[in-house]
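> Here you go, one structure.
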Amino acid sequence: MASGRDPGMNAGADADAAWMRRALELARHAEEHDGEVPVGAVLVLDGAIVGEGWNRNITLDDPTAHAEVQALRDAGRRLGNYRFPGSTLYVTLEPCVMCAGAIIHARVARVVYGATDPKTGAAGSVFDTLVSDRHNHRTAVVGGVLAEEAAGLLTRFFRSRR
């Protein structure tokens, strides 16, 4: 998938929505091309995409192949590091506990997510993993960015499989 850069973007709501739109494109890719649950993620550092991912659990026979982990792995390959201080991860669904742990270890500064995950969300809805003060790294969290569109993708996906 292509990466992008927009030097005019700042950390405001407009920029968050723009990067989330890219994550939504990746979520659609997961469903349309791979038959995966439509979740996409984009890691942005200094106004540029440094990592992208979409759910690939089924495709790769890998329970850890969530969109967030895929984006972090992509960034690691591109940047030659496993830590990304100052970065923002945009993901269409609130991260689970596994992904939250990876985000913390990667030193991601900020997570922006779309839809809340009422069953396994770890950014404050069910678990407080990302927002816990028990970690030596703090990750800021913003939820609900383009939430209706993100939730709609998931609702349609699961409805079509019932």
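Residue numbering restarts at 1 in every chain; chains get A, B, ... in the order shown in the structure tokens, and ligands count up from 1 in that same order.
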Write out as a list in words which residues come within 10 Å of Val126 of chain A when counting only C-alpha atoms, dropping same-chain ones fewer than 5 positions away.
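Residues meeting the cut-off are Cys96, Val97, Thr116, Asp117, Pro118, Lys119, Thr120 and Gly121 of chain A.
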> Which residues are close to Asn55 of chain A, i.e. within 6 Å by only C-alpha atoms, leaving aside same-chain residues fewer than 3 positions away? Reply as a compact mmCIF listing (two decimals) with N, CA, C and O atoms, in the first residue's frame.

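What follows is the written file result00.txt:
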```txt
# COMPACT_ATOMS: atom_id res chain seq x y z
N VAL A 39 -10.11 -3.79 9.65
CA VAL A 39 -9.43 -2.89 10.57
C VAL A 39 -8.13 -2.46 9.89
O VAL A 39 -7.40 -3.30 9.35
N HIS A 66 -2.73 -8.38 13.90
CA HIS A 66 -3.70 -7.28 13.93
C HIS A 66 -3.13 -6.09 13.16
O HIS A 66 -1.91 -5.96 13.00
N ALA A 67 -4.00 -5.20 12.74
CA ALA A 67 -3.60 -4.04 11.95
C ALA A 67 -2.53 -3.21 12.65
O ALA A 67 -1.55 -2.78 12.03
```
> Any idea what's packed within 6 Å of segment 137-151 of chain A, counting only C-alpha atoms, ignoring anything in its chain fewer than 3 positions away? Could you give it as a list of chain:residue names?
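Near neighbours after the sequence-gap exclusion: A:Thr92, A:Ala109, A:Arg110, A:Val111, A:Val112, A:Tyr113, A:Gly114, A:Ala115, A:Leu154.
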> Take the residues just selected and output them with C-alpha atoms as a tab-separated table (two decimals), in the first residue's frame.

```tsv
chain	number	residue	atom	x	y	z
A	92	THR	CA	-10.06	2.22	12.91
A	109	ALA	CA	3.17	8.87	21.82
A	110	ARG	CA	-0.46	8.98	20.79
A	111	VAL	CA	-3.22	6.64	19.61
A	112	VAL	CA	-6.22	7.91	17.67
A	113	TYR	CA	-8.94	5.36	17.08
A	114	GLY	CA	-12.30	5.32	15.32
A	115	ALA	CA	-14.81	2.83	16.71
A	154	LEU	CA	-17.38	-3.64	11.01
```
> Mind giving me the straight-line distance from atom CA of Val50 of chain A to atom CA of Leu93 of chain A in Å, one decimal?
19.4 Å
> Hey, what's within 9 Å of segment 21-34 of chain A if we count only C-alpha atoms and toss same-chain stuff fewer than 3 positions away? As a list in words, please?
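After dropping sequence-adjacent residues, the list is Met1, Asp16, Ala17, Ala18, Val37, Pro38, Val39, Gly40, Ala41, Val42, Glu52, Gly53, Trp54, Asn55, Arg56, Ile58, Thr59, Ala67, Tyr90, Val91, Thr92, Leu146, Glu149, Ala150, Leu153 and Phe157 of chain A.
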> Tell me, as an mmCIF file with C-alpha atoms, in the first residue's frame, which residues lie within 9 Å of His135 of chain A, counting only C-alpha atoms; anything in the same chain fewer than 5 positions away does not count.

```cif
data_model
loop_
_atom_site.group_PDB
_atom_site.id
_atom_site.type_symbol
_atom_site.label_atom_id
_atom_site.label_comp_id
_atom_site.auth_asym_id
_atom_site.auth_seq_id
_atom_site.Cartn_x
_atom_site.Cartn_y
_atom_site.Cartn_z
ATOM 1 C CA ILE A 104 3.445 0.873 24.826
ATOM 2 C CA THR A 129 -4.123 -0.780 29.348
ATOM 3 C CA LEU A 130 -3.189 2.201 27.178
#
```
> My list of candidates is A:Ile49, A:Tyr82, A:Ala102, A:Glu94. Which is closest to Val69 of chain A when distances are computed with only C-alpha atoms?
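Selected residue with least distance to Val69 of chain A: A:Ala102.
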> Identify which of the residues A:Asp62, A:Ala48, A:Ala75, A:Pro95 lies closest to Ser125 of chain A, counting only C-alpha atoms when measuring atom-to-atom distances.
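Result for the nearest residue to Ser125 of chain A: A:Pro95.
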> By how many Å are atom CA of Ser87 of chain A and atom CA of Ile103 of chain A apart?
10.4 Å
> Pick from A:Gly124, A:Gly35, A:Pro63, A:Gly47: nearest to Thr88 of chain A, with only C-alpha atoms counted?
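Distance minimum relative to Thr88 of chain A lands on A:Gly47.
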> Apply DSSP to the backbone of this structure and, from segment 5-134 of chain A, keep only the residues in strand (DSSP E or B); write these as a list in words.
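Strand (DSSP E or B) assignments inside segment 5-134 of chain A correspond to Arg5, Gly40, Ala41, Val42, Leu43, Val44, Leu45, Ala48, Ile49, Val50, Gly51, Glu52, Gly53, Trp54, Thr88, Leu89, Tyr90, Val91, Thr92, Leu93, Arg110, Val111, Val112, Tyr113, Gly114 and Ala115 of chain A.
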> Just list the residues in chain A DSSP gives alpha helix (DSSP H) on the backbone, as an MDAnalysis selection string.
chainID A and resid 13:34 57:60 67:79 97:105 147:160
> So how far away is atom CA of Glu68 of chain A from atom CA of Val131 of chain A, in Å?
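Taking atom CA of Val131 of chain A and atom CA of Glu68 of chain A, their separation equals 16.8 Å.
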> Nearest residue to Arg73 of chain A out of A:Ala13, A:Ala106, A:Val44, A:Met98, using only C-alpha atoms?
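Comparing A:Ala13, A:Ala106, A:Val44, A:Met98 against Arg73 of chain A, the winner is A:Ala106.
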> With distances taken over only C-alpha atoms, which of A:Asp74, A:Glu36, A:Trp19, A:Asp46 is nearest to Asp61 of chain A?
A:Glu36
